[in-house]
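Below you'll find the structure, written out as structure tokens, and then a few comments.
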Amino acid sequence: MNHEYYMHRCLELAEKGLGNTSPNPLVGAIIVHKEKIIGEGYHQKYGGPHAEVNAIHSVEDKSLLKDSKIYVSLEPCSHFGKTPPCANLIIESEIAEVIICNKDPHTKVAGKGIEFLKKNGVKVSCGTLEKEGEWINRRFFKFHRTQLPYVILKWAQTKNGLMDKTRVENDTGVNWITQPETKTIVHKWRAQEDAILVGANTVINDSPVLDVRHASGKNPVRLVIDPNNKIPDNHEFWNLKIPSVVFSKSKRVINSHTEFSLLRDNEDISSQVLKLLACRNIISVIIEGGKATLESFINNRLWDEARILTGKNNWDNGLVSPQVSGYTTEDFKLNTDQIRIITREIRI
């Protein structure tokens, strides 16, 4: 067996933590003794034991560790955080070799874990399946390299490229495009991200709940861009006890679980929103707003991924969907709906 074979398994394990580890990364680890996997683990929940700890603790015969290798999808930490340093446990367990997928971009780690292991006589190699590891941890890497969250755009459109019917004044309600079954994957996507964002018009027109009721997982923090406080105080959107943040130019009091974050007049709103989210340690956001909200991020090149759901029907007239150019990473059918996922930058 080669390094890539075992690292593939680490990455499979790492992905199991998606939606539960943020703002920590997704990490998987396995212990290999004489070409046989004798232990494995992954980072399951923020604040909980790291992948290396779970993998080492899963080994029944600890005497085998000194003759084993550990494969881990991200550089082991050497500092105290929510949990003790993983590098220390590796050394204490007398594991002689560590094979790493990615160097950790977090400034508290960033090579320090590798250096610490080497100084203590551990053989270390880094870079096995590096691109695959970066893709799985794309939210974490984007956040620590740019100090901005990873931005996912999502919208539904008809076969002829319309995202909403033409509305007249006080015309509210959802004009559904995709099949009801497609809600399951959309809600699964929501559960994988820290936050979900819409604009004021989407709230007023559609009264979205923005939760994960059709899937399992945690609700993302609800975000609304409402610079001029258009959403009425008595709107049903405020009734649900889901933590929400409203980006506005002036504050008001709605309820105990809704917070207002102030916007400045002299700066682009979409840029401000992402900076404010970064200050809250929100490393990913899925944007399900209307055309104006989506295009504000598209036009400023502040998006990383677009997920476009195309239904089976055409409409005679309506609002034309946003346009993005990028690189298709997935394109598949879900019943009668077509789902296409595009990244702004090429995935190597």
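To be explicit about the labels: the chains of the structure tokens are called A, B, and onward in the order shown, and within each one the residues are counted from 1, while ligands get numbers from 1 in the order they are shown.
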Legend entry - Contacts of A:Asn88 at 12 Å (only C-alpha atoms; same-chain gap of 2+ positions) as a PyMOL selection string: chain A and resi 52-53+76-80+83-86+90-95+113-114+116-120+122
So that I have them on file, write out the residues from the current selection with N, CA and C atoms, as a PDB file, in the first residue's frame.
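Written file, result_0.pdb:
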ATOM      1  N   GLU A  52      -6.275  12.932  15.697  1.00  0.00           N
ATOM      2  CA  GLU A  52      -5.143  12.118  16.133  1.00  0.00           C
ATOM      3  C   GLU A  52      -5.429  11.443  17.472  1.00  0.00           C
ATOM      4  N   VAL A  53      -6.060  12.188  18.360  1.00  0.00           N
ATOM      5  CA  VAL A  53      -6.400  11.648  19.686  1.00  0.00           C
ATOM      6  C   VAL A  53      -7.373  10.485  19.544  1.00  0.00           C
ATOM      7  N   PRO A  76      -0.584  18.185  12.721  1.00  0.00           N
ATOM      8  CA  PRO A  76      -0.958  18.133  14.143  1.00  0.00           C
ATOM      9  C   PRO A  76      -0.586  19.433  14.849  1.00  0.00           C
ATOM     10  N   CYS A  77      -1.433  19.859  15.766  1.00  0.00           N
ATOM     11  CA  CYS A  77      -1.177  21.100  16.496  1.00  0.00           C
ATOM     12  C   CYS A  77      -0.146  20.859  17.604  1.00  0.00           C
ATOM     13  N   SER A  78       0.566  21.924  17.972  1.00  0.00           N
ATOM     14  CA  SER A  78       1.542  21.829  19.058  1.00  0.00           C
ATOM     15  C   SER A  78       1.273  22.868  20.135  1.00  0.00           C
ATOM     16  N   HIS A  79       0.056  23.422  20.129  1.00  0.00           N
ATOM     17  CA  HIS A  79      -0.304  24.439  21.121  1.00  0.00           C
ATOM     18  C   HIS A  79      -1.563  24.006  21.878  1.00  0.00           C
ATOM     19  N   PHE A  80      -1.769  24.587  23.042  1.00  0.00           N
ATOM     20  CA  PHE A  80      -2.975  24.316  23.821  1.00  0.00           C
ATOM     21  C   PHE A  80      -4.104  25.204  23.321  1.00  0.00           C
ATOM     22  N   THR A  83      -8.300  21.808  23.416  1.00  0.00           N
ATOM     23  CA  THR A  83      -7.774  20.501  23.821  1.00  0.00           C
ATOM     24  C   THR A  83      -6.248  20.564  23.844  1.00  0.00           C
ATOM     25  N   PRO A  84      -5.582  19.604  24.502  1.00  0.00           N
ATOM     26  CA  PRO A  84      -4.110  19.596  24.540  1.00  0.00           C
ATOM     27  C   PRO A  84      -3.516  19.355  23.157  1.00  0.00           C
ATOM     28  N   PRO A  85      -2.221  19.666  22.979  1.00  0.00           N
ATOM     29  CA  PRO A  85      -1.570  19.512  21.669  1.00  0.00           C
ATOM     30  C   PRO A  85      -1.531  18.058  21.204  1.00  0.00           C
ATOM     31  N   CYS A  86      -1.880  17.853  19.945  1.00  0.00           N
ATOM     32  CA  CYS A  86      -1.860  16.499  19.372  1.00  0.00           C
ATOM     33  C   CYS A  86      -0.431  16.011  19.161  1.00  0.00           C
ATOM     34  N   ILE A  90       1.355  12.276  20.111  1.00  0.00           N
ATOM     35  CA  ILE A  90       2.047  11.432  19.125  1.00  0.00           C
ATOM     36  C   ILE A  90       3.425  11.030  19.658  1.00  0.00           C
ATOM     37  N   ILE A  91       4.125  12.005  20.233  1.00  0.00           N
ATOM     38  CA  ILE A  91       5.460  11.739  20.787  1.00  0.00           C
ATOM     39  C   ILE A  91       5.370  10.812  21.998  1.00  0.00           C
ATOM     40  N   GLU A  92       4.415  11.085  22.881  1.00  0.00           N
ATOM     41  CA  GLU A  92       4.232  10.248  24.072  1.00  0.00           C
ATOM     42  C   GLU A  92       3.873   8.812  23.701  1.00  0.00           C
ATOM     43  N   SER A  93       3.180   8.663  22.561  1.00  0.00           N
ATOM     44  CA  SER A  93       2.778   7.322  22.110  1.00  0.00           C
ATOM     45  C   SER A  93       3.914   6.604  21.381  1.00  0.00           C
ATOM     46  N   GLU A  94       5.045   7.300  21.197  1.00  0.00           N
ATOM     47  CA  GLU A  94       6.241   6.738  20.560  1.00  0.00           C
ATOM     48  C   GLU A  94       6.013   6.349  19.095  1.00  0.00           C
ATOM     49  N   ILE A  95       5.078   7.032  18.447  1.00  0.00           N
ATOM     50  CA  ILE A  95       4.878   6.820  17.012  1.00  0.00           C
ATOM     51  C   ILE A  95       6.051   7.457  16.276  1.00  0.00           C
ATOM     52  N   GLY A 113       3.815  22.597  14.317  1.00  0.00           N
ATOM     53  CA  GLY A 113       3.589  21.205  14.703  1.00  0.00           C
ATOM     54  C   GLY A 113       4.601  20.275  14.052  1.00  0.00           C
ATOM     55  N   ILE A 114       4.881  20.517  12.771  1.00  0.00           N
ATOM     56  CA  ILE A 114       5.860  19.710  12.032  1.00  0.00           C
ATOM     57  C   ILE A 114       7.248  19.872  12.647  1.00  0.00           C
ATOM     58  N   PHE A 116       8.026  20.800  15.696  1.00  0.00           N
ATOM     59  CA  PHE A 116       8.055  20.210  17.034  1.00  0.00           C
ATOM     60  C   PHE A 116       8.249  18.693  16.955  1.00  0.00           C
ATOM     61  N   LEU A 117       7.527  18.056  16.029  1.00  0.00           N
ATOM     62  CA  LEU A 117       7.653  16.604  15.868  1.00  0.00           C
ATOM     63  C   LEU A 117       9.072  16.230  15.436  1.00  0.00           C
ATOM     64  N   LYS A 118       9.611  16.958  14.463  1.00  0.00           N
ATOM     65  CA  LYS A 118      10.958  16.661  13.966  1.00  0.00           C
ATOM     66  C   LYS A 118      12.004  16.840  15.059  1.00  0.00           C
ATOM     67  N   LYS A 119      11.851  17.899  15.855  1.00  0.00           N
ATOM     68  CA  LYS A 119      12.803  18.155  16.937  1.00  0.00           C
ATOM     69  C   LYS A 119      12.815  17.035  17.962  1.00  0.00           C
ATOM     70  N   ASN A 120      11.697  16.328  18.038  1.00  0.00           N
ATOM     71  CA  ASN A 120      11.583  15.228  19.000  1.00  0.00           C
ATOM     72  C   ASN A 120      11.799  13.862  18.345  1.00  0.00           C
ATOM     73  N   VAL A 122      10.760  12.548  15.433  1.00  0.00           N
ATOM     74  CA  VAL A 122       9.727  11.895  14.628  1.00  0.00           C
ATOM     75  C   VAL A 122       9.994  12.173  13.151  1.00  0.00           C
TER      76      VAL A 122
END
Write out, as a Markdown table, each residue of stretch 237-332 of chain A that has an atom at most 8 Å from stretch 148-171 of chain A, together with the closest pair of atoms and their distance in Å to one decimal, counting only C-alpha atoms, rows going by chain and rising number.
| residue | atom | partner | partner_atom | distance |
| --- | --- | --- | --- | --- |
| A:Leu274 | CA | A:Leu148 | CA | 6.1 |
| A:Lys275 | CA | A:Leu148 | CA | 6.3 |
| A:Leu277 | CA | A:Pro149 | CA | 7.1 |
| A:Ala278 | CA | A:Leu148 | CA | 5.5 |
| A:Ile282 | CA | A:Pro149 | CA | 6.4 |
| A:Ile283 | CA | A:Pro149 | CA | 4.2 |
| A:Ser284 | CA | A:Tyr150 | CA | 4.5 |
| A:Val285 | CA | A:Val151 | CA | 5.3 |
| A:Ile286 | CA | A:Ile152 | CA | 4.6 |
| A:Ile287 | CA | A:Leu153 | CA | 4.9 |
| A:Glu288 | CA | A:Lys154 | CA | 5.3 |
| A:Gly289 | CA | A:Trp155 | CA | 7.8 |
| A:Leu294 | CA | A:Leu153 | CA | 6.9 |
| A:Leu302 | CA | A:Val151 | CA | 7.1 |
| A:Trp303 | CA | A:Val151 | CA | 4.9 |
| A:Asp304 | CA | A:Val151 | CA | 5.2 |
| A:Glu305 | CA | A:Ile152 | CA | 4.7 |
| A:Ala306 | CA | A:Leu153 | CA | 4.5 |
| A:Arg307 | CA | A:Lys154 | CA | 4.7 |
| A:Ile308 | CA | A:Trp155 | CA | 5.4 |
| A:Leu309 | CA | A:Ala156 | CA | 4.5 |
| A:Thr310 | CA | A:Gln157 | CA | 4.9 |
| A:Gly311 | CA | A:Thr158 | CA | 5.1 |
| A:Lys312 | CA | A:Lys159 | CA | 5.8 |
| A:Asn313 | CA | A:Lys159 | CA | 5.6 |
| A:Asn314 | CA | A:Lys159 | CA | 5.3 |
| A:Trp315 | CA | A:Thr158 | CA | 6.9 |
| A:Asn317 | CA | A:Lys165 | CA | 6.6 |
| A:Gly318 | CA | A:Lys165 | CA | 4.2 |
| A:Leu319 | CA | A:Asp164 | CA | 5.2 |
| A:Val320 | CA | A:Leu162 | CA | 4.5 |
| A:Ser321 | CA | A:Met163 | CA | 5.1 |
Inset, instruction - Please run DSSP on the backbone and report, as a VMD selection string, all residues within stretch 207-309 of chain A that come out as alpha helix (DSSP H). - result: chain A and resid 269 to 279 291 to 299
Inset, instruction - Write out as number ranges by chain all residues of stretch 20-211 of chain A that backbone DSSP assigns to strand (DSSP E). - result: A: 28-33, 36-42, 69-74, 97-102, 123-126, 150-157, 162-164, 195-199
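The space between atom CA of A:Arg139 and atom CA of A:Tyr71 spans 21.8 Å.
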